[in-house]
$ cat data16.txt   # compact mmCIF, C-alpha atoms
# COMPACT_ATOMS: atom_id res chain seq x y z
CA ALA A 491 81.31 152.15 73.26
CA SER A 492 84.25 154.46 73.75
CA SER A 493 85.87 155.17 77.11
CA ALA A 494 84.45 158.71 77.07
CA GLU A 495 80.92 157.41 76.44
CA LYS A 496 81.24 154.89 79.28
CA ASN A 497 82.46 157.62 81.63
CA SER A 498 79.56 159.85 80.59
CA VAL A 499 77.01 157.10 81.30
CA SER A 500 78.65 156.35 84.64
CA PHE A 501 78.55 160.03 85.59
CA ARG A 502 74.84 160.34 84.71
CA THR A 503 74.08 157.19 86.71
CA LEU A 504 75.97 158.56 89.71
CA MET A 505 74.13 161.89 89.48
CA ASN A 506 70.76 160.12 89.33
CA LEU A 507 71.66 158.13 92.44
CA GLN A 508 72.81 161.20 94.33
CA PHE A 509 69.98 163.47 93.22
CA PRO A 510 66.91 161.30 92.59
CA SER A 511 63.98 162.95 90.85
CA ARG A 512 61.22 164.04 93.23
CA LYS A 513 58.07 164.95 91.36
CA GLY A 514 55.39 167.34 92.51
CA LEU A 515 52.26 168.94 91.11
CA VAL A 516 50.64 172.34 91.64
CA LEU A 517 46.88 172.51 91.04
CA GLY A 518 44.48 175.43 91.20
CA VAL A 519 41.02 176.00 92.63
CA TYR A 520 38.89 179.15 92.37
CA ALA A 521 37.32 180.68 95.46
CA PRO A 522 33.51 180.59 95.88
CA GLU A 523 31.68 183.55 94.35
CA SER A 524 29.52 183.85 97.49
CA ASP A 525 29.98 183.12 101.18
CA ASP A 526 27.81 179.99 101.01
CA GLY A 527 29.17 178.80 97.65
CA GLN A 528 31.74 176.17 96.81
CA GLY A 529 35.15 176.42 95.22
CA VAL A 530 35.47 175.79 91.48
CA LEU A 531 38.16 173.39 90.28
CA THR A 532 40.24 174.25 87.22
CA PRO A 533 39.97 171.82 84.27
CA ALA A 534 43.33 170.26 85.20
CA THR A 535 42.24 169.79 88.82
CA GLN A 536 38.93 168.27 87.69
CA GLN A 537 40.81 165.88 85.42
CA PHE A 538 43.18 164.89 88.19
CA GLN A 539 40.87 164.57 91.19
CA GLY A 540 39.69 161.07 90.27
CA GLN A 541 43.30 159.84 90.42
CA VAL A 542 43.60 160.53 94.15
CA LYS A 543 43.85 157.53 96.44
CA ASN A 544 40.92 156.75 98.74
CA GLY A 545 38.55 159.42 97.51
CA ASN A 546 38.68 162.59 95.44
CA LEU A 547 40.55 165.82 95.78
CA ALA A 548 37.46 167.97 96.39
CA ASN A 549 36.71 166.00 99.55
CA LEU A 550 40.30 166.30 100.76
CA LEU A 551 40.22 170.05 100.21
CA GLN A 552 37.04 170.36 102.21
CA ILE A 553 38.48 168.27 105.06
CA SER A 554 41.73 170.26 105.01
CA GLY A 555 39.86 173.52 105.52
CA LEU A 556 41.59 175.31 102.66
CA ASP A 557 41.20 179.06 103.10
CA HIS A 558 39.94 180.32 99.75
CA LYS A 559 41.68 183.65 100.16
CA LYS A 560 43.84 184.05 97.05
CA GLY A 561 47.33 182.62 97.41
CA LYS A 562 46.49 180.24 100.25
CA SER A 563 47.38 176.60 99.72
CA ARG A 564 47.47 173.07 101.07
CA VAL A 565 50.10 170.42 100.37
CA PHE A 566 49.14 166.75 100.28
CA TYR A 567 51.61 163.88 100.38
CA GLY A 568 51.22 160.29 99.20
CA ILE A 569 47.78 160.66 97.61
CA ASN A 570 49.00 159.83 94.10
CA ASP A 571 51.74 157.52 92.84
CA SER A 572 52.88 159.72 89.95
CA PHE A 573 53.06 162.87 92.07
CA PRO A 574 53.95 162.12 95.70
CA SER A 575 53.69 165.83 96.62
CA ILE A 576 50.72 167.93 95.50
CA ALA A 577 50.08 171.59 96.32
CA VAL A 578 46.60 172.98 95.75
CA VAL A 579 46.43 176.78 95.58
CA SER A 580 43.53 179.21 95.74
CA LEU A 581 43.32 181.49 92.70
CA GLY A 582 40.77 183.91 94.10
CA LYS A 583 37.39 184.33 92.41
CA LYS A 584 37.04 183.20 88.81
CA SER A 585 35.00 186.31 87.99
CA THR A 586 37.92 188.61 88.86
CA GLY A 587 38.85 190.78 85.90
CA PHE A 588 40.54 194.03 84.95
CA ASN A 589 40.94 196.57 87.74
CA GLU A 590 40.60 199.97 86.07
CA LEU A 591 41.64 201.86 89.19
CA GLU A 592 44.94 199.96 89.48
CA ASP A 593 45.25 199.44 85.70
CA VAL A 594 46.03 195.76 86.20
CA GLU A 595 44.54 192.42 85.14
CA GLU A 596 43.88 191.05 88.63
CA LYS A 597 43.04 187.53 87.52
CA ARG A 598 46.46 187.12 85.89
CA GLU A 599 48.18 188.57 88.94
CA ASN A 600 46.25 186.17 91.17
CA ILE A 601 47.41 183.22 89.07
CA ARG A 602 51.04 184.36 89.17
CA ALA A 603 50.97 184.81 92.94
CA ALA A 604 49.09 181.59 93.68
CA ILE A 605 51.25 179.40 91.45
CA ALA A 606 54.38 180.98 92.92
CA SER A 607 53.14 180.11 96.42
CA GLY A 608 52.52 176.46 95.57
CA VAL A 609 55.76 176.02 93.63
CA LYS A 610 57.76 177.58 96.47
CA GLN A 611 56.24 175.22 99.02
CA LEU A 612 57.16 172.19 96.94
CA GLN A 613 60.64 173.52 96.20
CA ASP A 614 61.29 174.10 99.91
CA SER A 615 60.23 170.53 100.65
CA GLY A 616 62.86 169.16 98.25
CA VAL A 617 60.77 168.54 95.13
CA ASN A 618 62.91 169.12 92.04
CA VAL A 619 60.51 168.37 89.16
CA ILE A 620 57.30 170.38 89.41
CA HIS A 621 54.36 170.14 87.02
CA VAL A 622 52.13 173.22 87.05
CA ASP A 623 48.44 173.62 86.32
CA PRO A 624 48.12 176.37 83.65
CA CYS A 625 44.96 177.61 85.44
CA GLY A 626 43.46 179.03 82.25
CA ASP A 627 46.45 181.33 81.68
CA PRO A 628 49.59 179.26 80.96
CA GLU A 629 51.70 182.37 80.34
CA ALA A 630 50.94 183.85 83.77
CA ALA A 631 51.40 180.47 85.47
CA ALA A 632 54.82 180.00 83.85
CA GLU A 633 55.88 183.51 84.86
CA GLY A 634 54.92 182.96 88.48
CA ALA A 635 56.70 179.60 88.64
CA GLY A 636 59.82 180.85 86.87
CA LEU A 637 60.19 183.97 89.00
CA ILE A 638 59.76 182.27 92.37
CA THR A 639 62.31 179.51 91.72
CA TRP A 640 65.11 181.89 90.76
CA ALA A 641 67.71 182.91 93.32
CA TYR A 642 71.11 184.53 93.05
CA ASP A 643 73.23 182.09 95.03
CA GLU A 644 76.35 181.93 92.87
CA LEU A 645 78.50 183.17 95.75
CA LYS A 646 76.86 181.06 98.44
CA THR A 647 78.19 177.76 99.72
CA LYS A 648 74.70 176.32 100.12
CA LYS A 649 72.80 176.47 96.86
CA SER A 650 69.03 176.62 96.56
CA ASN A 651 67.17 173.54 95.34
CA LYS A 652 67.16 173.69 91.53
CA VAL A 653 63.78 172.90 90.02
CA GLU A 654 62.65 171.68 86.62
CA LEU A 655 59.29 173.24 85.71
CA GLN A 656 56.81 171.61 83.35
CA CYS A 657 53.30 172.48 82.23
CA PHE A 658 50.58 170.05 83.36
CA THR A 659 48.38 169.79 80.27
CA GLU A 660 45.84 167.19 81.38
CA GLY A 661 42.31 168.49 80.85
CA ALA A 662 43.44 171.08 78.27
CA ASP A 663 41.35 171.43 75.11
CA ASP A 664 44.34 172.46 72.98
CA THR A 665 47.56 171.03 74.41
CA GLN A 666 49.76 172.62 71.74
CA SER A 667 48.38 176.11 72.39
CA VAL A 668 48.72 175.70 76.15
CA GLN A 669 52.33 174.54 75.81
CA SER A 670 53.13 177.43 73.46
CA LEU A 671 51.79 180.01 75.93
CA TRP A 672 53.65 178.28 78.76
CA ASN A 673 56.90 178.54 76.77
CA ARG A 674 56.26 182.24 76.20
CA GLY A 675 55.72 182.81 79.93
CA SER A 676 58.91 180.91 80.71
CA ILE A 677 60.86 183.16 78.34
CA LEU A 678 59.37 186.27 79.96
CA ALA A 679 60.37 184.96 83.39
CA GLU A 680 63.91 184.25 82.16
CA GLY A 681 64.19 187.83 80.91
CA GLN A 682 63.08 189.23 84.25
CA ASN A 683 65.44 186.92 86.10
CA PHE A 684 68.32 188.09 83.94
CA SER A 685 67.53 191.66 84.97
CA ARG A 686 67.51 190.53 88.60
CA LEU A 687 70.93 188.95 88.09
CA LEU A 688 72.34 192.24 86.82
CA MET A 689 70.85 194.05 89.80
CA GLU A 690 71.91 191.63 92.54
CA ALA A 691 75.36 190.51 91.39
CA PRO A 692 78.20 192.51 92.99
CA ALA A 693 80.18 195.02 90.94
CA ASN A 694 83.36 192.95 91.07
CA VAL A 695 81.47 190.15 89.28
CA ILE A 696 79.51 192.17 86.72
CA THR A 697 82.51 194.02 85.37
CA PRO A 698 82.48 195.14 81.71
CA THR A 699 84.23 191.90 80.81
CA GLY A 700 81.92 189.85 83.01
CA PHE A 701 78.86 191.53 81.50
CA SER A 702 80.04 190.81 77.95
CA ASN A 703 80.44 187.13 78.84
CA LEU A 704 76.86 186.73 80.12

$ encode --input "data16.txt" --output "structure tokens"
Amino acid sequence: ASSAEKNSVSFRTLMNLQFPSRKGLVLGVYAPESDDGQGVLTPATQQFQGQVKNGNLANLLQISGLDHKKGKSRVFYGINDSFPSIAVVSLGKKSTGFNELEDVEEKRENIRAAIASGVKQLQDSGVNVIHVDPCGDPEAAAEGAGLITWAYDELKTKKSNKVELQCFTEGADDTQSVQSLWNRGSILAEGQNFSRLLMEAPANVITPTGFSNL
């Protein structure tokens, strides 16, 4: 191997030692349809719950007293070897649909908000590789995750924790379709984040020359 290749390998090894991968998982659960009902697990959560140490995830959620109000969440640590940190988020009621008065698809908005909440909690705790339950709408889930992890900190000494986002496809009937929709949502989030960059960056940075170099 050449000297350059050896230096490259050494650099990657050093980076891995300094910034070890910390994996986390965001899972969804729907709120009960009635006051005396039970929450409904998403297919990914159903698939995963048997992999929890000393019991199943449904029991842990019940013990934790998860508030099923949309966007609420619980974070569990050390209940799975592959994912040491797991956030479970409430997606609101599964029957939620299109709100004609507000002209908005509330179910999609609920997924965006809930996933963003769970991803943010894991990011703030130092997790840097986060797998996300598509929650029946991979595009909306990817948007929520991509938007919440973006921050304009180019001019700050202390940078925010950079996160790698991946789609958790266990339990999916069509993995390829789910991944394709996730990729689309990620692209949409990137576009919105680019607009946020243009809005938040100071004028002495986004000069005509600076803009042309973006």

$ atom_distance --input "data16.txt" --atom1 "atom CA of Lys584 of chain A" --atom2 "atom CA of Gly561 of chain A"
13.4 Å

$ closest_residue --input "data16.txt" --among "A:Leu515, A:Val617, A:Ala662, A:Ala521" --to "Ile569 of chain A" --atoms "all atoms listed in the file"
A:Leu515

$ atom_distance --input "data16.txt" --atom1 "atom CA of Glu633 of chain A" --atom2 "atom CA of Gly675 of chain A"
5.0 Å

$ residues_around --input "data16.txt" --residues "Leu517 of chain A" --least-positions-apart "3" --cutoff "8 Å" --atoms "all atoms listed in the file" --output "ChimeraX atom specification"
/A:532,534-535,576-579,622-623,625

$ residues_near_point --input "data16.txt" --point "(55.0, 167.0, 91.2)" --cutoff "6 Å" --atoms "all atoms listed in the file" --output "list in words"
Lys513, Gly514, Leu515, Phe573, Ser575, Ile620 and His621 of chain A

$ residues_around --input "data16.txt" --residues "Arg674 of chain A" --least-positions-apart "5" --cutoff "12 Å" --atoms "all atoms listed in the file" --output "ChimeraX atom specification"
/A:627-633,636,657,667-669,679-681
